[in-house]
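The structure file input12.txt is reproduced below (compact mmCIF, C-alpha atoms).
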# COMPACT_ATOMS: atom_id res chain seq x y z
CA MET A 1 24.14 -10.73 -22.72
CA ILE A 2 25.59 -7.48 -21.39
CA ALA A 3 22.20 -5.85 -21.79
CA VAL A 4 20.34 -8.63 -20.04
CA ALA A 5 22.85 -8.66 -17.20
CA SER A 6 22.49 -4.91 -16.86
CA CYS A 7 18.72 -5.19 -16.31
CA SER A 8 19.34 -5.30 -12.61
CA SER A 9 16.55 -6.26 -10.28
CA SER A 10 17.29 -3.08 -8.30
CA ASP A 11 16.38 -0.80 -11.18
CA PRO A 12 13.92 1.66 -9.67
CA VAL A 13 10.20 1.14 -10.00
CA TYR A 14 7.87 4.13 -9.68
CA ILE A 15 4.55 3.67 -7.92
CA GLN A 16 1.90 6.29 -8.39
CA SER A 17 -0.20 7.41 -5.45
CA VAL A 18 -3.87 6.71 -4.98
CA PRO A 19 -5.49 9.06 -5.83
CA PRO A 20 -3.04 10.47 -8.40
CA SER A 21 -3.50 14.00 -7.03
CA ILE A 22 -5.25 15.91 -4.24
CA ILE A 23 -6.29 19.50 -3.69
CA THR A 24 -4.86 20.65 -0.40
CA GLY A 25 -5.98 23.39 1.93
CA GLU A 26 -6.34 24.28 5.56
CA VAL A 27 -7.42 21.42 7.78
CA ALA A 28 -9.81 22.10 10.64
CA GLU A 29 -9.13 20.50 13.98
CA GLY A 30 -10.44 16.95 14.09
CA GLU A 31 -10.72 16.82 10.32
CA THR A 32 -8.81 14.21 8.34
CA PRO A 33 -6.88 15.79 5.48
CA PRO A 34 -6.90 14.04 2.08
CA ALA A 35 -3.90 11.78 1.59
CA LEU A 36 -1.81 10.48 -1.28
CA VAL A 37 -1.39 6.78 -0.45
CA MET A 38 1.43 4.71 -1.95
CA THR A 39 1.61 0.97 -1.39
CA VAL A 40 4.65 -1.24 -1.96
CA PRO A 41 3.36 -4.38 -3.73
CA MET A 42 5.45 -7.18 -2.22
CA LEU A 43 4.59 -10.79 -3.01
CA LEU A 44 3.77 -13.19 -0.18
CA PRO A 45 6.82 -15.21 0.86
CA THR A 46 7.73 -18.42 -0.94
CA ALA A 47 9.39 -21.42 0.70
CA ASP A 48 12.77 -19.92 -0.23
CA ASP A 49 11.81 -16.62 1.38
CA GLU A 50 10.79 -18.47 4.53
CA ALA A 51 14.13 -20.27 4.56
CA GLU A 52 15.85 -16.88 4.27
CA ARG A 53 13.71 -15.59 7.13
CA MET A 54 14.81 -18.55 9.23
CA ARG A 55 18.42 -17.76 8.40
CA VAL A 56 17.93 -14.15 9.57
CA ALA A 57 16.34 -15.44 12.80
CA THR A 58 19.35 -17.68 13.43
CA GLU A 59 21.79 -14.90 12.61
CA THR A 60 20.09 -12.31 14.84
CA GLY A 61 19.21 -14.72 17.66
CA LEU A 62 15.55 -13.67 17.51
CA PRO A 63 12.56 -16.03 17.32
CA ILE A 64 11.26 -16.56 13.78
CA GLU A 65 8.00 -14.76 14.70
CA ALA A 66 10.01 -11.60 15.32
CA ILE A 67 11.40 -11.56 11.78
CA PRO A 68 9.08 -9.76 9.38
CA SER A 69 8.49 -11.35 6.01
CA VAL A 70 9.41 -8.11 4.19
CA ARG A 71 12.46 -6.42 5.64
CA ARG A 72 13.71 -2.87 5.37
CA ASP A 73 17.29 -3.74 4.46
CA GLN A 74 16.18 -5.44 1.24
CA THR A 75 14.38 -2.49 -0.32
CA ASP A 76 15.01 1.24 -0.59
CA LEU A 77 12.15 3.71 -0.82
CA GLU A 78 12.02 7.36 -1.79
CA ILE A 79 9.01 9.68 -2.08
CA ALA A 80 9.03 12.34 -4.79
CA TRP A 81 6.38 15.05 -4.37
CA HIS A 82 5.19 18.05 -6.32
CA LEU A 83 3.10 21.00 -5.17
CA GLU A 84 1.49 23.35 -7.66
CA ASN A 85 -0.03 26.68 -6.73
CA PRO A 86 -2.50 27.87 -9.39
CA GLY A 87 -3.56 30.82 -7.24
CA GLU A 88 -2.42 34.41 -7.20
CA ARG A 89 -1.07 34.35 -3.65
CA ALA A 90 1.95 32.52 -2.32
CA ALA A 91 1.17 29.56 -0.11
CA THR A 92 2.84 27.89 2.84
CA ALA A 93 2.48 24.12 2.94
CA ARG A 94 3.38 21.47 5.48
CA LEU A 95 3.82 17.90 4.38
CA ALA A 96 3.38 14.99 6.76
CA VAL A 97 4.06 11.30 6.18
CA ALA A 98 2.40 8.46 8.06
CA ALA A 99 3.14 4.82 7.27
CA ALA A 100 2.46 1.18 7.98
CA ASN A 101 4.62 -1.91 7.94
CA GLU A 102 3.26 -5.45 8.01
CA LEU A 103 2.96 -5.36 11.82
CA TYR A 104 1.85 -1.85 12.82
CA ARG A 105 0.50 1.38 11.46
CA PHE A 106 1.53 4.86 12.60
CA ASP A 107 -1.39 7.25 12.94
CA PRO A 108 -0.73 10.42 14.95
CA VAL A 109 -4.44 10.63 15.82
CA ALA A 110 -4.07 7.49 17.96
CA PHE A 111 -1.83 9.45 20.29
CA VAL A 112 -4.60 11.87 21.19
CA ILE A 113 -6.70 10.29 23.92
CA ASP A 114 -7.81 13.54 25.51
CA PRO A 115 -7.98 16.38 22.96
CA GLU A 116 -7.67 18.90 25.80
CA GLU A 117 -4.47 17.41 27.11
CA ASP A 118 -2.75 15.42 24.38
CA GLU A 119 -0.97 16.76 21.34
CA GLU A 120 -0.35 14.88 18.15
CA PRO A 121 3.24 13.74 17.81
CA PRO A 122 5.33 14.97 14.88
CA PRO A 123 4.91 13.00 11.64
CA LEU A 124 7.28 10.20 10.65
CA MET A 125 8.67 12.63 8.05
CA GLY A 126 7.94 16.20 7.09
CA GLY A 127 6.56 19.00 9.21
CA ARG A 128 8.74 21.81 7.85
CA PRO A 129 7.05 24.73 6.06
CA VAL A 130 7.42 24.81 2.29
CA GLU A 131 6.84 28.08 0.43
CA VAL A 132 5.05 27.71 -2.90
CA PRO A 133 5.06 30.91 -5.02
CA ALA A 134 1.90 32.18 -6.66
CA GLY A 135 1.44 30.49 -10.02
CA GLY A 136 4.52 28.35 -9.36
CA SER A 137 5.42 24.92 -8.16
CA VAL A 138 7.86 23.20 -5.83
CA ASP A 139 9.33 19.69 -6.08
CA GLY A 140 10.98 17.69 -3.38
CA VAL A 141 11.86 14.25 -2.15
CA PHE A 142 11.91 12.33 1.07
CA ARG A 143 15.21 10.58 0.54
CA GLU A 144 16.01 6.91 0.99
CA ASP A 145 17.88 7.59 4.23
CA GLU A 146 14.85 9.43 5.62
CA LEU A 147 12.59 6.46 4.85
CA ILE A 148 15.15 4.11 6.39
CA GLU A 149 14.93 6.25 9.54
CA ALA A 150 11.13 6.33 9.41
CA ALA A 151 10.94 2.52 9.22
CA GLN A 152 13.26 2.37 12.21
CA ASP A 153 11.14 4.91 14.14
CA LEU A 154 7.92 2.96 13.63
CA ASP A 155 9.48 -0.33 14.70
CA ALA A 156 11.26 1.31 17.62
CA MET A 157 8.06 2.73 19.10
CA SER A 158 5.86 -0.29 18.30
CA ARG A 159 8.06 -3.30 19.07
CA GLY A 160 11.18 -1.76 20.59
CA GLY A 161 9.55 0.09 23.46
CA VAL A 162 11.30 3.35 22.61
CA ASN A 163 9.49 6.55 23.62
CA PRO A 164 7.61 7.63 20.46
CA THR A 165 8.35 11.34 20.69
CA ARG A 166 12.01 10.68 21.38
CA THR A 167 12.37 8.37 18.41
CA LEU A 168 10.54 10.78 16.10
CA ILE A 169 12.64 13.81 16.92
CA THR A 170 16.06 12.21 17.28
CA ARG A 171 18.24 10.63 14.65
CA TRP A 172 19.42 7.04 15.02
CA GLU A 173 23.16 6.65 15.25
CA THR A 174 23.10 3.10 13.91
CA ARG A 175 20.64 1.07 11.88
CA ASP A 176 19.83 -1.13 14.89
CA ILE A 177 17.14 -0.34 17.45
CA THR A 178 18.35 -0.06 21.02
CA GLY A 179 17.44 1.83 24.16
CA GLY A 180 13.82 0.75 24.51
CA MET A 181 12.10 -0.17 27.74
CA ASP A 182 9.41 -2.82 28.24
CA GLY A 183 9.04 -3.36 24.50
CA LEU A 184 8.23 -6.67 22.82
CA LEU A 185 11.91 -6.90 21.85
CA PRO A 186 14.70 -5.35 23.91
CA GLU A 187 16.88 -4.82 20.84
CA ILE A 188 16.08 -5.14 17.16
CA PRO A 189 18.96 -5.66 14.72
CA SER A 190 18.73 -3.84 11.42
CA ALA A 191 18.04 -7.08 9.53
CA ALA A 192 14.83 -7.62 11.53
CA ILE A 193 13.24 -4.21 10.94
CA PRO A 194 10.15 -4.41 8.73
CA LEU A 195 9.84 -2.50 5.49
CA LEU A 196 7.28 0.28 5.25
CA LEU A 197 4.61 -1.20 2.99
CA GLU A 198 2.36 1.83 2.82
CA VAL A 199 3.14 5.50 3.08
CA SER A 200 0.58 8.25 3.03
CA LEU A 201 1.39 11.87 2.39
CA THR A 202 -0.89 14.62 3.62
CA VAL A 203 -0.46 18.31 2.94
CA GLU A 204 -1.86 21.27 4.82
CA SER A 205 -1.59 24.58 3.04
CA SER A 206 -2.65 28.18 3.46
CA GLN A 207 -3.93 28.29 -0.14
CA PRO A 208 -5.38 25.52 -2.30
CA LEU A 209 -2.58 23.54 -3.97
CA THR A 210 -2.48 20.51 -6.20
CA ALA A 211 -0.27 17.81 -4.70
CA THR A 212 1.06 14.75 -6.50
CA ALA A 213 3.54 12.11 -5.37
CA TYR A 214 5.36 9.01 -6.51
CA LEU A 215 7.08 6.29 -4.54
CA ARG A 216 10.43 5.18 -5.98
CA VAL A 217 11.27 1.60 -5.01
CA ARG A 218 14.62 -0.15 -5.45
CA ASP A 219 14.06 -3.74 -4.49
CA ARG A 220 16.69 -6.40 -3.94
CA SER A 221 14.38 -9.08 -2.53
CA GLU A 222 12.96 -9.81 -6.01
CA ARG A 223 9.46 -9.83 -4.52
CA LEU A 224 8.29 -6.49 -5.88
CA GLU A 225 5.30 -7.08 -8.16
CA ALA A 226 4.66 -3.67 -9.64
CA ASP A 227 3.05 -4.78 -12.90
CA ALA A 228 -0.68 -5.22 -12.31
CA PRO A 229 -0.38 -7.08 -9.00
CA ASN A 230 -3.12 -9.32 -7.64
CA PRO A 231 -3.89 -7.84 -4.17
CA GLY A 232 -4.48 -11.32 -2.73
CA ALA A 233 -0.92 -12.33 -3.53
CA LEU A 234 0.67 -9.41 -1.69
CA VAL A 235 1.82 -8.84 1.87
CA PRO A 236 -0.78 -6.41 3.24
CA PRO A 237 0.19 -3.36 5.28
CA SER A 238 -0.99 -3.74 8.85
CA THR A 239 -4.29 -2.29 10.00
CA THR A 240 -3.21 -2.43 13.68
CA VAL A 241 -2.73 1.18 14.69
CA TYR A 242 0.08 1.61 17.17
CA ALA A 243 -1.20 3.23 20.35
CA PRO A 244 1.28 4.52 22.92
CA PRO A 245 1.13 2.94 26.36
CA ALA A 246 -1.15 4.77 28.78
CA PRO A 247 0.79 6.81 31.34
CA ALA A 248 1.15 5.19 34.73
CA PRO A 249 -1.48 6.45 37.25
CA MET B 1 46.80 22.82 -52.83
CA MET B 2 44.27 21.39 -55.30
CA ARG B 3 46.92 19.03 -56.62
CA ARG B 4 47.66 17.82 -53.13
CA LEU B 5 43.96 17.22 -52.44
CA THR B 6 43.55 15.38 -55.73
CA THR B 7 46.52 13.18 -54.89
CA LEU B 8 45.06 12.38 -51.50
CA LEU B 9 41.68 11.54 -53.07
CA LEU B 10 43.27 9.26 -55.64
CA LEU B 11 45.26 7.53 -52.94
CA ALA B 12 42.15 7.08 -50.84
CA LEU B 13 40.24 5.59 -53.74
CA ALA B 14 43.12 3.52 -54.97
CA PRO B 15 42.26 -0.17 -55.48
CA GLY B 16 44.21 -2.95 -53.89
CA VAL B 17 43.48 -2.36 -50.21
CA ALA B 18 42.84 -5.72 -48.58
CA VAL B 19 39.38 -6.13 -47.06
CA ALA B 20 39.21 -8.71 -44.33
CA ARG B 21 36.53 -11.37 -44.23
CA GLY B 22 35.61 -13.72 -41.42
CA ILE B 23 34.53 -13.24 -37.84
CA TYR B 24 34.17 -9.63 -36.84
CA SER B 25 33.58 -7.70 -33.65
CA GLU B 26 32.74 -4.06 -33.27
CA ALA B 27 32.50 -1.59 -30.39
CA GLY B 28 30.84 1.78 -30.76
CA LEU B 29 30.07 4.89 -28.74
CA GLY B 30 27.61 7.61 -29.55
CA ALA B 31 24.32 9.19 -28.63
CA THR B 32 20.66 8.31 -28.98
CA MET B 33 17.78 10.74 -29.16
CA PHE B 34 14.06 10.09 -29.42
CA LEU B 35 11.82 11.59 -32.05
CA GLY B 36 8.23 12.77 -31.92
CA PRO B 37 6.17 12.93 -28.71
CA THR B 38 8.59 10.67 -26.80
CA ALA B 39 11.28 13.34 -27.20
CA ASP B 40 9.24 15.45 -24.75
CA HIS B 41 9.58 12.77 -22.07
CA ALA B 42 13.11 11.43 -22.59
CA ALA B 43 16.28 13.44 -23.12
CA PRO B 44 19.04 12.45 -25.54
CA GLY B 45 21.66 10.29 -23.88
CA PRO B 46 24.94 8.47 -24.36
CA ALA B 47 24.81 5.14 -26.18
CA MET B 48 27.13 2.20 -26.59
CA ALA B 49 26.92 -0.86 -28.78
CA ALA B 50 28.76 -4.06 -29.47
CA ARG B 51 28.44 -6.27 -32.50
CA LEU B 52 29.72 -9.75 -33.21
CA GLY B 53 29.24 -11.81 -36.34
CA TYR B 54 30.60 -13.26 -39.52
CA ALA B 55 31.42 -11.64 -42.85
CA PRO B 56 31.31 -14.42 -45.50
CA THR B 57 32.27 -11.96 -48.22
CA SER B 58 33.76 -8.51 -48.31
CA TRP B 59 30.36 -6.92 -49.00
CA VAL B 60 28.02 -8.57 -46.51
CA SER B 61 28.15 -9.43 -42.83
CA LEU B 62 25.64 -11.01 -40.45
CA GLY B 63 25.72 -10.96 -36.70
CA ALA B 64 24.29 -10.04 -33.35
CA ARG B 65 24.03 -6.64 -31.74
CA VAL B 66 23.82 -5.54 -28.11
CA ALA B 67 23.26 -1.87 -27.36
CA ALA B 68 22.36 0.33 -24.44
CA SER B 69 21.65 3.99 -23.93
CA VAL B 70 20.98 6.08 -20.84
CA HIS B 71 18.36 8.84 -20.76
CA GLU B 72 16.91 11.29 -18.32
CA ALA B 73 13.15 10.97 -18.02
CA THR B 74 11.69 14.43 -18.55
CA VAL B 75 8.16 13.44 -17.54
CA PRO B 76 5.95 15.90 -15.65
CA PRO B 77 7.16 15.83 -12.02
CA PRO B 78 7.16 13.90 -9.84
CA PRO B 79 9.45 12.04 -10.39
CA GLN B 80 12.10 14.45 -11.56
CA GLY B 81 15.64 13.93 -12.81
CA GLU B 82 15.32 10.15 -12.95
CA LEU B 83 17.36 8.09 -15.40
CA PHE B 84 16.38 5.03 -17.36
CA GLN B 85 18.20 2.72 -19.73
CA LEU B 86 17.12 1.43 -23.11
CA TYR B 87 18.60 -1.97 -24.01
CA LEU B 88 18.59 -3.52 -27.47
CA LEU B 89 19.31 -7.12 -28.27
CA GLY B 90 19.03 -8.17 -31.89
CA THR B 91 20.41 -9.46 -35.14
CA ASP B 92 22.42 -7.30 -37.45
CA VAL B 93 23.06 -7.29 -41.19
CA ARG B 94 25.35 -5.00 -43.18
CA PHE B 95 25.93 -4.50 -46.91
CA GLN B 96 29.03 -2.58 -47.84
CA THR B 97 31.09 -1.46 -50.73
CA HIS B 98 34.70 -0.25 -50.76
CA PHE B 99 36.55 2.49 -52.53
CA GLY B 100 40.20 2.09 -51.64
CA TRP B 101 40.68 2.99 -48.02
CA PHE B 102 37.05 3.95 -47.61
CA GLY B 103 33.83 2.02 -47.49
CA MET B 104 30.15 2.85 -47.43
CA PHE B 105 27.55 0.63 -45.90
CA ALA B 106 23.87 0.20 -45.19
CA GLU B 107 22.83 -1.76 -42.13
CA GLY B 108 19.67 -3.12 -40.61
CA SER B 109 18.77 -4.69 -37.30
CA GLY B 110 15.80 -6.24 -35.56
CA GLY B 111 15.21 -7.69 -32.14
CA VAL B 112 13.99 -6.81 -28.70
CA ALA B 113 14.15 -3.49 -26.82
CA ILE B 114 13.80 -3.20 -23.06
CA VAL B 115 13.19 -0.07 -20.96
CA SER B 116 14.77 -0.59 -17.55
CA THR B 117 12.12 1.13 -15.41
CA ASN B 118 8.45 2.09 -15.47
CA VAL B 119 9.18 5.81 -15.28
CA LEU B 120 7.61 6.35 -18.74
CA ASP B 121 4.36 4.58 -17.76
CA ALA B 122 2.90 7.87 -16.55
CA VAL B 123 3.12 9.37 -20.04
CA GLY B 124 1.97 6.25 -21.87
CA VAL B 125 5.21 5.43 -23.68
CA THR B 126 5.39 2.20 -21.70
CA SER B 127 2.69 0.65 -19.54
CA PRO B 128 2.73 -1.54 -16.41
CA THR B 129 2.71 -4.69 -18.52
CA ARG B 130 4.75 -3.40 -21.47
CA HIS B 131 8.40 -2.59 -20.89
CA LEU B 132 9.60 -4.78 -23.73
CA SER B 133 9.07 -4.19 -27.43
CA PRO B 134 10.30 -5.55 -30.73
CA TYR B 135 12.33 -3.05 -32.68
CA VAL B 136 13.54 -2.58 -36.24
CA SER B 137 16.30 -0.24 -37.26
CA GLY B 138 18.11 0.82 -40.37
CA GLY B 139 20.90 3.17 -41.26
CA GLY B 140 24.29 3.48 -42.81
CA GLY B 141 27.69 5.00 -42.52
CA LEU B 142 31.22 5.50 -43.70
CA GLU B 143 34.22 3.37 -42.84
CA TYR B 144 37.96 3.94 -43.08
CA ARG B 145 40.29 0.98 -43.25
CA THR B 146 43.56 1.30 -41.38
CA ASP B 147 46.98 0.07 -42.54
CA ASN B 148 46.18 -3.16 -40.79
CA PRO B 149 43.33 -4.58 -42.90
CA ARG B 150 41.81 -6.24 -39.87
CA PHE B 151 40.92 -2.88 -38.28
CA ALA B 152 38.49 -0.28 -39.47
CA ILE B 153 37.01 2.82 -37.89
CA GLY B 154 33.80 4.46 -38.93
CA ILE B 155 30.84 6.68 -38.27
CA ALA B 156 27.25 5.56 -38.59
CA GLY B 157 23.68 6.68 -38.03
CA ASP B 158 20.60 4.56 -37.41
CA TRP B 159 16.89 5.14 -37.13
CA ALA B 160 14.81 2.74 -35.02
CA LEU B 161 11.13 2.06 -34.43
CA TYR B 162 9.67 0.47 -31.26
CA PRO B 163 6.03 -0.42 -32.04
CA GLU B 164 5.12 -1.47 -28.49
CA PHE B 165 6.52 1.70 -26.94
CA ASP B 166 3.75 3.83 -28.37
CA ALA B 167 5.45 3.63 -31.81
CA THR B 168 8.42 5.54 -30.44
CA GLN B 169 11.23 6.33 -32.89
CA SER B 170 14.84 7.15 -32.19
CA ILE B 171 18.01 8.06 -34.03
CA THR B 172 21.49 7.05 -32.96
CA ALA B 173 24.84 8.32 -34.17
CA ARG B 174 28.03 6.46 -33.29
CA ILE B 175 31.71 6.14 -33.97
CA TYR B 176 33.11 2.65 -33.89
CA LEU B 177 36.12 0.42 -34.16
CA ARG B 178 35.72 -2.86 -36.05
CA TYR B 179 38.02 -5.84 -36.01
CA THR B 180 37.73 -8.63 -38.56
CA ARG B 181 39.63 -11.83 -38.09

Would you kindly transcribe this structure into structure tokens?
Amino acid sequence: MIAVASCSSSDPVYIQSVPPSIITGEVAEGETPPALVMTVPMLLPTADDEAERMRVATETGLPIEAIPSVRRDQTDLEIAWHLENPGERAATARLAVAAANELYRFDPVAFVIDPEEDEEPPPLMGGRPVEVPAGGSVDGVFREDELIEAAQDLDAMSRGGVNPTRTLITRWETRDITGGMDGLLPEIPSAAIPLLLEVSLTVESSQPLTATAYLRVRDRSERLEADAPNPGALVPPSTTVYAPPAPAP
Amino acid sequence: MMRRLTTLLLLALAPGVAVARGIYSEAGLGATMFLGPTADHAAPGPAMAARLGYAPTSWVSLGARVAASVHEATVPPPPQGELFQLYLLGTDVRFQTHFGWFGMFAEGSGGVAIVSTNVLDAVGVTSPTRHLSPYVSGGGGLEYRTDNPRFAIGIAGDWALYPEFDATQSITARIYLRYTR
């Protein structure tokens, strides 16, 4: 009985990327680098889940449509990555994470309307140089708190009306979204922030490297279906790319 | 010195020490390590076990066993430094014989083993649809009966086989305290 009770539903589950590995290198301007994509397989809501969603709507004072079916506060994510340098020269790599929740997708390319004028925003996570020694390897993680922040950033820019660059480069003081202007929602309580359902990791490097990554999921919603899930039974990550509002003329 | 040792041995083997029968419970602490290829992907870790059952005679007991051990997954990174638990839930049988204050026993167990996460999927020990396996185990140990015949302490070692976890094998050593009512 002790053993069964100890098999907690928040035991971590490890989700391998698709593809399992990529060869990284320098990325030419306008070229899309290969990505390691990790999807969180969350089951579609049941009647009980919908009742819980209604309860969150009542508690937060938001309309039910504003409450995502898979919420950030119910699941913790962490990305573990590994870079291997088989070459004879040390390499410098930069990792970048983009992501999608069930409502919007963050793609830095969507921010570039005029390539002469516009610059890509920083990634949701990453951007710092990582040195990989010749013939060596480097491991790292994007921690749970960083993914909590990333989920907040995406919702803040897409629904909260917060300036995208500001939200990407500053750290939230609370888990609620505030300070937006002309967004769909003036304030978004923590309980109404959607979970990131897909994260994609890209790596640019000065030398060819082999990159691998895993997503570590600790779920408390009991909707994680990691064992051979049927795609039709899962909440899909959004395909709606968030585009920043055009500047006023 | 030799005389003293001989005296102690004779005392230890002296007949007449009461051996309790009836309902028993046991708590043990030790360590579990995997054998073969699985040892490359899972480090040895602390283990604990509890047993509860009935001893109809002084030489046999039957009961249930719950055990758990914690291991670091040493799979190729990523992930790195992650822990998983191995849970065992099964039946337990023990045959024992006594020599004065001491006893020797052989034990066997069978039931279900559960790995708490899918961290070993990447190396094929478990798979996305296979985190549960039957197990069989066998082993033995030595027991020392205290002044109070209801209590005994002992050391034991067990080997186990998990056919559905890529035929993984493990060995566990433990010290334990047993109470028989």

If I put a ball of radius 9 Å at (34.9, 0.4, -26.7) in the file's coordinates, which residues poke into it when counting only C-alpha atoms, written as an MDAnalysis selection string? chainID B and resid 26:29 48:50 176:177

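The shortest atom-to-atom distance to chain B, with only C-alpha atoms taken into account, belongs to A:Ile15 out of A:Ala51, A:Ile15, A:Leu168, A:Leu36.
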
Between B:Met33, B:Val123, B:Ile23, B:Leu88, which residue has the minimum interatomic distance to Arg150 of chain B, considering only C-alpha atoms?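 When distances to Arg150 of chain B are compared using only C-alpha atoms, the smallest one comes from B:Ile23.
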
List the neighbours of Ile175 of chain B out to 8 Å using all atoms listed in the file; skip same-chain residues closer than 5 positions along the sequence, and give me the result as a PyMOL selection string. chain B and resi 28-30+153-156

Near chain A, 10 Å: chain B residue rows, closest pairs, all atoms listed in the file, as a tab-separated table:
residue	atom	partner	partner_atom	distance
B:Ala49	CA	A:Ala3	CA	9.8
B:Ala50	CA	A:Ile2	CA	9.3
B:Arg65	CA	A:Met1	CA	9.9
B:Val66	CA	A:Ala3	CA	6.5
B:Ala67	CA	A:Ala3	CA	6.9
B:Ala68	CA	A:Ala3	CA	6.7
B:Pro76	CA	A:His82	CA	9.6
B:Pro77	CA	A:His82	CA	6.4
B:Pro78	CA	A:Ala80	CA	5.6
B:Pro79	CA	A:Ala80	CA	5.6
B:Gln80	CA	A:Ala80	CA	7.7
B:Glu82	CA	A:Pro12	CA	9.2
B:Leu83	CA	A:Pro12	CA	9.3
B:Phe84	CA	A:Asp11	CA	8.5
B:Gln85	CA	A:Cys7	CA	8.6
B:Leu86	CA	A:Ala3	CA	9.0
B:Tyr87	CA	A:Ala3	CA	5.7
B:Leu88	CA	A:Ala3	CA	7.1
B:Leu89	CA	A:Ala3	CA	7.2
B:Ala113	CA	A:Ala3	CA	9.8
B:Ile114	CA	A:Cys7	CA	8.6
B:Val115	CA	A:Cys7	CA	8.9
B:Ser116	CA	A:Cys7	CA	6.2
B:Thr117	CA	A:Val13	CA	5.7
B:Asn118	CA	A:Val13	CA	5.8
B:Val119	CA	A:Tyr14	CA	6.0
B:Leu120	CA	A:Tyr14	CA	9.3
B:Asp121	CA	A:Tyr14	CA	8.8
B:Ala122	CA	A:Gln16	CA	8.4
B:Ser127	CA	A:Asp227	CA	8.6
B:Pro128	CA	A:Asp227	CA	4.8
B:Thr129	CA	A:Asp227	CA	5.6
B:Arg130	CA	A:Asp227	CA	8.8
B:His131	CA	A:Asp227	CA	9.9

Hey, which of B:Val75, B:Val93, B:Ala39, B:Ala167 ends up closest to Arg51 of chain B? Count only C-alpha atoms.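 Nearest to Arg51 of chain B: B:Val93.
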
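The gap separating atom CA of Asp155 of chain A from atom CA of Leu62 of chain A is 14.9 Å, in Å to one decimal.
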
Using only C-alpha atoms, the residue out of A:Pro236, A:Pro108, A:Pro208, A:Gly135 with shortest distance to Pro122 of chain A is A:Pro108

Out of A:Val130, A:Gly180, A:Arg175, A:Met42, which residue has the shortest atom-to-atom distance to Ala233 of chain A when counting all atoms listed in the file?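 Checking each of A:Val130, A:Gly180, A:Arg175, A:Met42 against Ala233 of chain A, counting all atoms listed in the file, the winner is A:Met42.
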
Neighbours of Thr165 of chain A within 9 Å (all atoms listed in the file; same-chain residues fewer than 4 positions away dropped), as number ranges by chain? A: 121-122, 157, 169-170

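Residue neighbourhood of Gly90 of chain B, excluding near-sequence residues (fewer than 6 positions): Ala64, Arg65, Val66, Ser109, Gly110, Gly111 and Val112 of chain B, at 7 Å, using only C-alpha atoms.
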